[in-house]
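Note: the block below is target.cif and it holds mmCIF, C-alpha atoms, pLDDT in the B column; chains and numbers go by the auth columns.
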data_data
loop_
_atom_site.group_PDB
_atom_site.id
_atom_site.type_symbol
_atom_site.label_atom_id
_atom_site.label_comp_id
_atom_site.label_asym_id
_atom_site.label_seq_id
_atom_site.Cartn_x
_atom_site.Cartn_y
_atom_site.Cartn_z
_atom_site.B_iso_or_equiv
_atom_site.auth_seq_id
_atom_site.auth_asym_id
ATOM 1 C CA MET A 1 199.094 -7.012 -6.225 38.00 1 A
ATOM 2 C CA ALA A 2 202.808 -6.349 -5.971 39.00 2 A
ATOM 3 C CA GLY A 3 204.827 -7.364 -2.925 39.00 3 A
ATOM 4 C CA HIS A 4 204.463 -5.198 0.153 39.00 4 A
ATOM 5 C CA TRP A 5 206.944 -2.378 0.634 37.00 5 A
ATOM 6 C CA THR A 6 209.009 -1.619 3.681 40.00 6 A
ATOM 7 C CA ALA A 7 208.111 1.373 5.839 39.00 7 A
ATOM 8 C CA GLN A 8 211.081 3.245 4.369 39.00 8 A
ATOM 9 C CA GLN A 9 209.891 2.609 0.811 38.00 9 A
ATOM 10 C CA CYS A 10 206.374 3.738 1.672 37.00 10 A
ATOM 11 C CA CYS A 11 207.616 6.969 3.192 37.00 11 A
ATOM 12 C CA ALA A 12 209.872 7.564 0.191 34.00 12 A
ATOM 13 C CA ALA A 13 206.882 7.090 -2.110 35.00 13 A
ATOM 14 C CA GLN A 14 204.920 9.601 -0.048 36.00 14 A
ATOM 15 C CA ASP A 15 207.699 12.173 -0.247 34.00 15 A
ATOM 16 C CA ALA A 16 208.166 11.668 -3.985 31.00 16 A
ATOM 17 C CA SER A 17 204.483 11.691 -4.857 31.00 17 A
ATOM 18 C CA ALA A 18 203.206 14.488 -7.075 29.00 18 A
ATOM 19 C CA GLY A 19 199.657 14.328 -5.737 34.00 19 A
ATOM 20 C CA PHE A 20 197.249 13.059 -3.102 38.00 20 A
ATOM 21 C CA VAL A 21 195.742 10.351 -5.318 35.00 21 A
ATOM 22 C CA HIS A 22 199.105 8.843 -6.234 34.00 22 A
ATOM 23 C CA THR A 23 200.256 8.871 -2.620 39.00 23 A
ATOM 24 C CA SER A 24 197.056 7.283 -1.364 43.00 24 A
ATOM 25 C CA ILE A 25 197.044 4.517 -3.956 35.00 25 A
ATOM 26 C CA LEU A 26 200.662 3.676 -3.132 39.00 26 A
ATOM 27 C CA LEU A 27 199.809 3.711 0.543 43.00 27 A
ATOM 28 C CA PHE A 28 196.823 1.402 0.422 44.00 28 A
ATOM 29 C CA GLN A 29 197.921 -0.944 -2.349 38.00 29 A
ATOM 30 C CA GLN A 30 201.511 -1.475 -1.266 41.00 30 A
ATOM 31 C CA CYS A 31 201.730 -0.642 2.429 42.00 31 A
ATOM 32 C CA THR A 32 198.575 -2.038 4.022 43.00 32 A
ATOM 33 C CA PRO A 33 198.315 -5.835 4.010 44.00 33 A
ATOM 34 C CA ALA A 34 195.516 -5.693 6.616 46.00 34 A
ATOM 35 C CA ILE A 35 192.970 -3.983 4.326 45.00 35 A
ATOM 36 C CA SER A 36 190.240 -6.002 2.625 48.00 36 A
ATOM 37 C CA ILE A 37 189.083 -5.464 -0.963 48.00 37 A
ATOM 38 C CA THR A 38 185.842 -3.881 0.323 50.00 38 A
ATOM 39 C CA ALA A 39 187.775 -1.412 2.439 48.00 39 A
ATOM 40 C CA MET A 40 190.082 -0.636 -0.489 48.00 40 A
ATOM 41 C CA ALA A 41 187.075 0.312 -2.636 49.00 41 A
ATOM 42 C CA SER A 42 185.811 2.679 0.057 47.00 42 A
ATOM 43 C CA LEU A 43 189.217 4.274 0.444 51.00 43 A
ATOM 44 C CA VAL A 44 189.703 4.732 -3.290 49.00 44 A
ATOM 45 C CA SER A 45 186.293 6.436 -3.410 48.00 45 A
ATOM 46 C CA LEU A 46 187.372 8.852 -0.680 48.00 46 A
ATOM 47 C CA VAL A 47 190.693 9.504 -2.404 50.00 47 A
ATOM 48 C CA ALA A 48 188.902 10.340 -5.648 43.00 48 A
ATOM 49 C CA THR A 49 186.565 12.753 -3.859 40.00 49 A
ATOM 50 C CA LEU A 50 189.314 14.525 -1.950 43.00 50 A
ATOM 51 C CA ALA A 51 191.506 14.726 -5.037 40.00 51 A
ATOM 52 C CA LEU A 52 189.000 17.098 -6.628 36.00 52 A
ATOM 53 C CA PHE A 53 189.954 19.629 -3.960 34.00 53 A
ATOM 54 C CA SER A 54 193.677 18.953 -3.887 34.00 54 A
ATOM 55 C CA THR A 55 196.515 20.785 -5.632 30.00 55 A
ATOM 56 C CA THR A 56 199.479 19.235 -3.823 30.00 56 A
ATOM 57 C CA ALA A 57 200.045 16.075 -1.835 33.00 57 A
ATOM 58 C CA PHE A 58 198.018 16.190 1.388 34.00 58 A
ATOM 59 C CA ALA A 59 197.329 19.929 0.938 35.00 59 A
ATOM 60 C CA LEU A 60 193.549 19.887 1.024 40.00 60 A
ATOM 61 C CA PRO A 61 191.520 23.095 1.494 39.00 61 A
ATOM 62 C CA PRO A 62 188.342 23.086 3.589 44.00 62 A
ATOM 63 C CA LEU A 63 185.419 21.450 1.811 45.00 63 A
ATOM 64 C CA GLN A 64 182.354 23.625 1.365 45.00 64 A
ATOM 65 C CA ARG A 65 179.595 22.936 3.880 49.00 65 A
ATOM 66 C CA SER A 66 176.670 24.712 5.482 49.00 66 A
ATOM 67 C CA ALA A 67 177.252 27.357 8.151 60.00 67 A
ATOM 68 C CA THR A 68 175.631 25.016 10.681 75.00 68 A
ATOM 69 C CA PRO A 69 176.730 21.415 9.977 88.00 69 A
ATOM 70 C CA VAL A 70 174.271 18.776 11.142 91.00 70 A
ATOM 71 C CA PRO A 71 175.263 15.341 12.475 95.00 71 A
ATOM 72 C CA PRO A 72 174.248 12.600 10.001 96.00 72 A
ATOM 73 C CA LEU A 73 171.598 11.024 12.238 96.00 73 A
ATOM 74 C CA ASN A 74 169.431 10.286 9.191 94.00 74 A
ATOM 75 C CA GLU A 75 171.844 7.465 8.263 96.00 75 A
ATOM 76 C CA VAL A 76 170.653 5.290 11.161 96.00 76 A
ATOM 77 C CA GLY A 77 167.328 4.212 12.598 90.00 77 A
ATOM 78 C CA PRO A 78 165.356 6.336 15.080 92.00 78 A
ATOM 79 C CA GLY A 79 166.616 6.747 18.611 93.00 79 A
ATOM 80 C CA LEU A 80 169.342 9.391 18.718 97.00 80 A
ATOM 81 C CA PRO A 81 167.787 12.767 19.613 97.00 81 A
ATOM 82 C CA PRO A 82 168.711 15.654 17.309 96.00 82 A
ATOM 83 C CA PRO A 83 170.666 18.632 18.629 95.00 83 A
ATOM 84 C CA PRO A 84 168.639 21.734 19.529 91.00 84 A
ATOM 85 C CA PRO A 85 167.398 23.656 16.477 90.00 85 A
ATOM 86 C CA GLY A 86 170.101 25.959 15.137 89.00 86 A
ATOM 87 C CA ALA A 87 172.778 24.647 17.512 94.00 87 A
ATOM 88 C CA SER A 88 176.263 24.517 16.027 95.00 88 A
ATOM 89 C CA PRO A 89 178.779 21.849 17.079 97.00 89 A
ATOM 90 C CA LEU A 90 181.595 23.279 19.152 98.00 90 A
ATOM 91 C CA ILE A 91 183.957 20.516 18.030 98.00 91 A
ATOM 92 C CA ILE A 92 183.839 17.859 15.321 98.00 92 A
ATOM 93 C CA ALA A 93 186.589 15.427 16.194 98.00 93 A
ATOM 94 C CA LEU A 94 187.852 12.217 14.649 98.00 94 A
ATOM 95 C CA GLY A 95 188.665 9.599 17.252 98.00 95 A
ATOM 96 C CA VAL A 96 191.208 6.901 16.364 98.00 96 A
ATOM 97 C CA GLY A 97 192.079 4.250 18.920 98.00 97 A
ATOM 98 C CA SER A 98 190.760 1.010 20.374 98.00 98 A
ATOM 99 C CA GLN A 99 187.692 -0.427 22.036 97.00 99 A
ATOM 100 C CA ASN A 100 188.935 -2.573 24.909 97.00 100 A
ATOM 101 C CA TYR A 101 186.958 -5.582 26.153 97.00 101 A
ATOM 102 C CA THR A 102 187.133 -8.135 28.959 96.00 102 A
ATOM 103 C CA CYS A 103 185.428 -11.517 28.733 96.00 103 A
ATOM 104 C CA ASN A 104 182.607 -12.307 31.147 94.00 104 A
ATOM 105 C CA ALA A 105 183.404 -15.611 32.880 94.00 105 A
ATOM 106 C CA THR A 106 179.733 -16.613 33.027 94.00 106 A
ATOM 107 C CA SER A 107 178.433 -15.769 29.578 95.00 107 A
ATOM 108 C CA LEU A 108 181.808 -16.184 27.803 96.00 108 A
ATOM 109 C CA THR A 109 181.101 -13.042 25.827 96.00 109 A
ATOM 110 C CA PHE A 110 182.909 -9.712 25.911 96.00 110 A
ATOM 111 C CA SER A 111 180.769 -7.583 28.211 87.00 111 A
ATOM 112 C CA THR A 112 183.045 -5.006 29.841 82.00 112 A
ATOM 113 C CA ASN A 113 183.946 -2.248 27.414 90.00 113 A
ATOM 114 C CA VAL A 114 186.118 0.869 27.682 96.00 114 A
ATOM 115 C CA ALA A 115 187.874 2.872 24.987 97.00 115 A
ATOM 116 C CA GLN A 116 190.909 5.021 24.377 98.00 116 A
ATOM 117 C CA ALA A 117 191.516 7.243 21.380 98.00 117 A
ATOM 118 C CA ASP A 118 193.383 10.226 20.031 98.00 118 A
ATOM 119 C CA LEU A 119 191.098 13.064 18.953 98.00 119 A
ATOM 120 C CA TYR A 120 191.777 15.124 15.818 98.00 120 A
ATOM 121 C CA ASP A 121 190.074 18.238 14.466 98.00 121 A
ATOM 122 C CA VAL A 122 188.211 17.055 11.369 97.00 122 A
ATOM 123 C CA ALA A 123 185.587 19.829 11.070 96.00 123 A
ATOM 124 C CA LYS A 124 186.911 21.321 7.845 93.00 124 A
ATOM 125 C CA PHE A 125 186.672 18.005 5.996 93.00 125 A
ATOM 126 C CA ILE A 126 183.087 17.158 6.945 92.00 126 A
ATOM 127 C CA ASN A 127 180.294 17.551 4.435 87.00 127 A
ATOM 128 C CA PRO A 128 177.153 15.552 3.557 83.00 128 A
ATOM 129 C CA ASN A 129 179.131 13.332 1.163 85.00 129 A
ATOM 130 C CA THR A 130 181.970 12.148 3.387 89.00 130 A
ATOM 131 C CA LYS A 131 179.825 9.773 5.495 90.00 131 A
ATOM 132 C CA SER A 132 182.135 7.215 7.146 93.00 132 A
ATOM 133 C CA SER A 133 184.949 7.501 4.601 94.00 133 A
ATOM 134 C CA ILE A 134 187.275 9.522 6.828 96.00 134 A
ATOM 135 C CA SER A 135 186.791 7.129 9.755 97.00 135 A
ATOM 136 C CA THR A 136 187.548 4.216 7.429 97.00 136 A
ATOM 137 C CA LEU A 137 190.577 5.995 5.975 96.00 137 A
ATOM 138 C CA TYR A 138 192.095 6.661 9.389 97.00 138 A
ATOM 139 C CA LEU A 139 191.374 3.186 10.729 97.00 139 A
ATOM 140 C CA ALA A 140 193.170 1.750 7.694 95.00 140 A
ATOM 141 C CA ALA A 141 196.025 4.244 7.951 95.00 141 A
ATOM 142 C CA SER A 142 196.563 3.351 11.622 94.00 142 A
ATOM 143 C CA THR A 143 198.386 0.192 10.484 90.00 143 A
ATOM 144 C CA THR A 144 200.721 2.040 8.082 92.00 144 A
ATOM 145 C CA PRO A 145 203.677 4.436 8.378 92.00 145 A
ATOM 146 C CA ILE A 146 201.373 7.316 7.343 91.00 146 A
ATOM 147 C CA LYS A 147 199.008 7.429 10.321 93.00 147 A
ATOM 148 C CA ASN A 148 197.665 10.950 9.731 96.00 148 A
ATOM 149 C CA PRO A 149 197.181 11.212 5.947 94.00 149 A
ATOM 150 C CA LEU A 150 195.117 14.418 6.091 95.00 150 A
ATOM 151 C CA ARG A 151 197.485 16.038 8.589 96.00 151 A
ATOM 152 C CA LEU A 152 194.699 16.739 11.045 98.00 152 A
ATOM 153 C CA ASP A 153 195.516 18.699 14.198 98.00 153 A
ATOM 154 C CA HIS A 154 195.668 16.588 17.351 98.00 154 A
ATOM 155 C CA ILE A 155 193.344 18.306 19.840 98.00 155 A
ATOM 156 C CA GLY A 156 192.594 15.861 22.651 98.00 156 A
ATOM 157 C CA LYS A 157 192.254 12.416 24.200 98.00 157 A
ATOM 158 C CA HIS A 158 189.351 10.062 24.874 98.00 158 A
ATOM 159 C CA PHE A 159 189.658 7.679 27.813 98.00 159 A
ATOM 160 C CA PHE A 160 187.674 6.018 30.590 98.00 160 A
ATOM 161 C CA SER A 161 188.087 6.603 34.315 96.00 161 A
ATOM 162 C CA ASP A 162 187.138 3.918 36.873 90.00 162 A
ATOM 163 C CA ASN A 163 186.515 1.533 33.953 86.00 163 A
ATOM 164 C CA LYS A 164 183.045 2.928 33.326 92.00 164 A
ATOM 165 C CA THR A 165 183.098 6.708 32.830 97.00 165 A
ATOM 166 C CA PRO A 166 183.928 8.172 29.389 98.00 166 A
ATOM 167 C CA ASN A 167 186.064 11.318 29.349 98.00 167 A
ATOM 168 C CA PHE A 168 186.958 13.648 26.503 99.00 168 A
ATOM 169 C CA ASP A 169 189.905 15.866 27.377 98.00 169 A
ATOM 170 C CA PHE A 170 190.652 18.836 25.115 98.00 170 A
ATOM 171 C CA SER A 171 192.837 20.722 27.600 98.00 171 A
ATOM 172 C CA GLU A 172 195.811 20.635 25.200 98.00 172 A
ATOM 173 C CA SER A 173 193.841 22.700 22.684 98.00 173 A
ATOM 174 C CA GLY A 174 191.836 24.784 25.170 98.00 174 A
ATOM 175 C CA LYS A 175 188.535 23.390 23.905 98.00 175 A
ATOM 176 C CA GLY A 176 187.180 22.034 27.173 98.00 176 A
ATOM 177 C CA PHE A 177 186.514 18.754 28.943 98.00 177 A
ATOM 178 C CA LEU A 178 183.521 16.424 29.031 98.00 178 A
ATOM 179 C CA GLN A 179 182.919 13.664 31.544 98.00 179 A
ATOM 180 C CA ALA A 180 179.889 11.871 30.182 98.00 180 A
ATOM 181 C CA LYS A 181 177.297 9.166 30.576 98.00 181 A
ATOM 182 C CA LYS A 182 175.567 7.242 27.822 97.00 182 A
ATOM 183 C CA VAL A 183 171.939 8.089 27.097 98.00 183 A
ATOM 184 C CA ILE A 184 171.209 5.849 24.112 97.00 184 A
ATOM 185 C CA GLY A 185 172.869 3.926 21.307 97.00 185 A
ATOM 186 C CA VAL A 186 171.718 2.575 17.949 98.00 186 A
ATOM 187 C CA PRO A 187 173.382 0.091 15.586 97.00 187 A
ATOM 188 C CA ALA A 188 175.737 1.475 12.954 98.00 188 A
ATOM 189 C CA PRO A 189 174.520 1.416 9.335 97.00 189 A
ATOM 190 C CA ALA A 190 174.648 -2.005 7.693 96.00 190 A
ATOM 191 C CA ASP A 191 177.310 -0.829 5.238 95.00 191 A
ATOM 192 C CA ALA A 192 179.657 0.598 7.896 97.00 192 A
ATOM 193 C CA PHE A 193 183.264 -0.594 7.676 97.00 193 A
ATOM 194 C CA ALA A 194 183.429 -3.728 9.863 98.00 194 A
ATOM 195 C CA GLY A 195 187.107 -3.373 10.777 97.00 195 A
ATOM 196 C CA LEU A 196 190.602 -4.415 9.791 96.00 196 A
ATOM 197 C CA ARG A 197 191.184 -7.909 8.476 94.00 197 A
ATOM 198 C CA GLY A 198 191.067 -10.422 11.302 95.00 198 A
ATOM 199 C CA GLN A 199 189.258 -7.897 13.509 96.00 199 A
ATOM 200 C CA ASP A 200 186.292 -7.219 11.228 97.00 200 A
ATOM 201 C CA HIS A 201 183.550 -8.065 13.721 97.00 201 A
ATOM 202 C CA GLY A 202 181.500 -4.967 12.928 98.00 202 A
ATOM 203 C CA ALA A 203 181.284 -1.237 13.574 98.00 203 A
ATOM 204 C CA VAL A 204 180.424 -0.105 17.090 98.00 204 A
ATOM 205 C CA ASP A 205 177.094 1.590 17.754 98.00 205 A
ATOM 206 C CA TRP A 206 176.376 5.243 17.232 98.00 206 A
ATOM 207 C CA VAL A 207 175.749 6.764 20.663 98.00 207 A
ATOM 208 C CA TYR A 208 174.541 9.926 22.361 98.00 208 A
ATOM 209 C CA LEU A 209 176.183 10.959 25.652 98.00 209 A
ATOM 210 C CA ILE A 210 175.647 13.883 28.002 98.00 210 A
ATOM 211 C CA ASP A 211 177.461 15.472 30.934 98.00 211 A
ATOM 212 C CA ASN A 212 177.251 13.074 33.888 98.00 212 A
ATOM 213 C CA GLY A 213 176.675 15.852 36.398 98.00 213 A
ATOM 214 C CA ALA A 214 179.859 15.257 38.377 98.00 214 A
ATOM 215 C CA GLY A 215 180.801 18.915 38.027 98.00 215 A
ATOM 216 C CA VAL A 216 184.067 18.403 36.167 98.00 216 A
ATOM 217 C CA SER A 217 182.945 19.147 32.591 98.00 217 A
ATOM 218 C CA LYS A 218 183.951 22.486 31.074 98.00 218 A
ATOM 219 C CA GLN A 219 182.564 24.176 27.934 98.00 219 A
ATOM 220 C CA LEU A 220 181.020 20.921 26.648 98.00 220 A
ATOM 221 C CA GLY A 221 177.697 19.305 27.522 98.00 221 A
ATOM 222 C CA LYS A 222 176.888 16.540 25.064 98.00 222 A
ATOM 223 C CA VAL A 223 178.424 14.467 22.277 98.00 223 A
ATOM 224 C CA TYR A 224 177.336 12.188 19.441 98.00 224 A
ATOM 225 C CA ARG A 225 179.540 9.302 18.293 98.00 225 A
ATOM 226 C CA VAL A 226 178.719 8.714 14.627 98.00 226 A
ATOM 227 C CA GLU A 227 180.256 7.335 11.408 98.00 227 A
ATOM 228 C CA THR A 228 181.899 4.479 13.279 98.00 228 A
ATOM 229 C CA ALA A 229 184.356 2.034 11.701 98.00 229 A
ATOM 230 C CA GLY A 230 185.392 -1.205 13.388 98.00 230 A
ATOM 231 C CA GLY A 231 185.584 -1.654 17.136 98.00 231 A
ATOM 232 C CA LYS A 232 183.279 -4.613 17.856 97.00 232 A
ATOM 233 C CA PRO A 233 184.698 -7.692 19.637 97.00 233 A
ATOM 234 C CA PRO A 234 184.462 -11.350 18.608 96.00 234 A
ATOM 235 C CA ALA A 235 181.189 -13.089 19.479 95.00 235 A
ATOM 236 C CA SER A 236 182.730 -15.460 22.054 95.00 236 A
ATOM 237 C CA CYS A 237 185.756 -15.595 24.309 97.00 237 A
ATOM 238 C CA LYS A 238 187.558 -17.367 27.146 95.00 238 A
ATOM 239 C CA ALA A 239 187.068 -16.306 30.779 94.00 239 A
ATOM 240 C CA GLY A 240 189.288 -13.330 31.595 91.00 240 A
ATOM 241 C CA GLU A 241 190.386 -12.807 27.998 96.00 241 A
ATOM 242 C CA GLN A 242 191.005 -9.219 26.901 96.00 242 A
ATOM 243 C CA VAL A 243 191.022 -7.795 23.391 97.00 243 A
ATOM 244 C CA PHE A 244 191.827 -4.366 22.027 97.00 244 A
ATOM 245 C CA VAL A 245 189.902 -3.772 18.822 98.00 245 A
ATOM 246 C CA PRO A 246 190.952 -0.823 16.595 98.00 246 A
ATOM 247 C CA TYR A 247 188.215 1.649 15.713 98.00 247 A
ATOM 248 C CA ALA A 248 187.616 5.156 14.422 98.00 248 A
ATOM 249 C CA ALA A 249 184.604 7.443 14.701 98.00 249 A
ATOM 250 C CA GLU A 250 183.451 11.038 14.449 98.00 250 A
ATOM 251 C CA TYR A 251 182.534 12.827 17.690 98.00 251 A
ATOM 252 C CA TRP A 252 180.236 15.856 17.470 98.00 252 A
ATOM 253 C CA PHE A 253 180.311 18.001 20.627 98.00 253 A
ATOM 254 C CA TYR A 254 177.738 20.563 21.723 98.00 254 A
ATOM 255 C CA LYS A 255 177.305 22.963 24.618 97.00 255 A
#
Would you mind writing the file out in structure tokens?
Amino acid sequence: MAGHWTAQQCCAAQDASAGFVHTSILLFQQCTPAISITAMASLVSLVATLALFSTTAFALPPLQRSATPVPPLNEVGPGLPPPPPGASPLIIALGVGSQNYTCNATSLTFSTNVAQADLYDVAKFINPNTKSSISTLYLAASTTPIKNPLRLDHIGKHFFSDNKTPNFDFSESGKGFLQAKKVIGVPAPADAFAGLRGQDHGAVDWVYLIDNGAGVSKQLGKVYRVETAGGKPPASCKAGEQVFVPYAAEYWFYK
């Protein structure tokens, strides 16, 4: 592999590129030292798929999908309840951010967990074949000058209040607000992207959350976190230690 480029060279390559495939290969081969060979293979696969629908660099039309997209719960073991029959997701968002952990002084494991993430509208790119490729792509791109390679619209923020309550705030896009509580989680698929090099401890669980009943949610009532990439902490730690582990995931919101 050739030497790594500067940020300026990477951006120049993006601007000069004649197509999405060329841009993406330059991006991930030259500009991303943190990506493993396994991750590179996954990203190249995604690039090849998206290129079939591309006519200019990063100008991708919506992929064809069913009128009522269904969250990919069949990719994991039993546990996550399906949405009501015929229910359509109100939002399909891509979350890109970090899972933040604090070490338990007794067990010397990371036990306290909150998260923060930017939320992007990814609905038009979702189809039965994308699986976790877009999550993997954006987790990888988060370490490069091109952090939003598909030019997704930023629509909200994910954060925790009082260190235990997950919030999803779409007020900037007028799509609502959800203050949630976890109902159940299941392990991510065995082949999920484990994370960036040096932080590849595994993909966080897929989870199902519902409105916590505090009376602050608007328009949204439940959410699935699926197609996770990265986000798990190391297996052991020192008392009081904190880590911020990059992750990405799809969030499917329902009434």
Separation of atom CA of A:Thr109 from atom CA of A:Ser236 in Å
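Those two atoms sit 4.8 Å apart.
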Residue nearest A:Pro189 - candidates A:Lys218, A:Lys131, A:Lys124, A:Lys255, atoms counted: all atoms listed in the file:
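So, comparing all the options, the nearest one is A:Lys131.
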With the file shown as input, list the residues that the PyMOL selection byres ((chain A and resi 72) around 8) selects, as a ChimeraX atom specification.
/A:70-71,73-75,128,131,226
Considering all atoms listed in the file, state which residue in the set A:Gly185, A:Pro145, A:Pro84, A:Pro166 is at the smallest distance from A:Val207.
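Looking at the shortest contact to A:Val207, the residue is A:Gly185.
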Hey, can you check how far atom CA of A:Gly95 sits from atom CA of A:Glu241?
24.9 Å
On this file, the PyMOL selection byres ((chain A and resi 220) around 7) gives some set of residues; write that set as a ChimeraX atom specification.
/A:176-178,217-219,221-222,253-255
Please report the interatomic distance between atom CA of A:Thr68 and atom CA of A:Asp153 in Å with one decimal.
21.2 Å
Selected residue of minimal separation from A:Asn163 among A:Gln199, A:Thr144, A:Thr130, A:Asn100, counting all atoms listed in the file:
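For A:Asn163, the nearest of the candidates is A:Asn100.
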Taking 5 positions as the minimum chain separation for residues in the same chain, which residues sit within 9 Å of A:Asp169 when counting all atoms listed in the file? Answer as a list in words.
Leu119, Ile155, Gly156, Lys157, His158, Phe159, Lys175, Gly176, Phe177, Leu178 and Gln179 of chain A
How would the residues just chosen look if you wrote them out with C-alpha atoms as a compact mmCIF listing (two decimals), in the coordinates of the input?
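And here is the file that came out, selection-v8.txt:
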# COMPACT_ATOMS: atom_id res chain seq x y z
CA LEU A 119 191.10 13.06 18.95
CA ILE A 155 193.34 18.31 19.84
CA GLY A 156 192.59 15.86 22.65
CA LYS A 157 192.25 12.42 24.20
CA HIS A 158 189.35 10.06 24.87
CA PHE A 159 189.66 7.68 27.81
CA LYS A 175 188.54 23.39 23.90
CA GLY A 176 187.18 22.03 27.17
CA PHE A 177 186.51 18.75 28.94
CA LEU A 178 183.52 16.42 29.03
CA GLN A 179 182.92 13.66 31.54
Starting from the shown file, work through the PyMOL selection byres ((chain A and resi 102) around 6) and note down what comes out as a PyMOL selection string.
chain A and resi 101+103+110+112+241-242
Would you mind listing what lies within 12 Å of A:Ser161 as a list in words, with all atoms listed in the file counted and same-chain residues fewer than 5 positions away left out?
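The filter keeps Asn113, Val114, Ala115, Gln116, Pro166, Asn167, Phe168, Asp169, Gln179, Ala180 and Lys181 of chain A.
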Give me the box for stretch 166-181 of chain A as JSON, namely the centre and edge lengths in Å to one decimal of a box along x, y and z that holds every listed atom plus 8 Å on each side.
{"center_x": 186.6, "center_y": 16.5, "center_z": 27.1, "size_x": 34.5, "size_y": 32.6, "size_z": 24.9}
Calculated over only C-alpha atoms, which of the candidates A:Gly195, A:Gly97, A:Gly86, A:Pro81 has the smallest distance to A:Glu250?
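Going through A:Gly195, A:Gly97, A:Gly86, A:Pro81 one by one, the smallest distance to A:Glu250 is for A:Gly97.
Minimum atom-to-atom distance to A:Phe160, evaluated using all atoms listed in the file, belongs to A:Ala117 out of A:Ala117, A:Val76, A:Val96, A:Val243.
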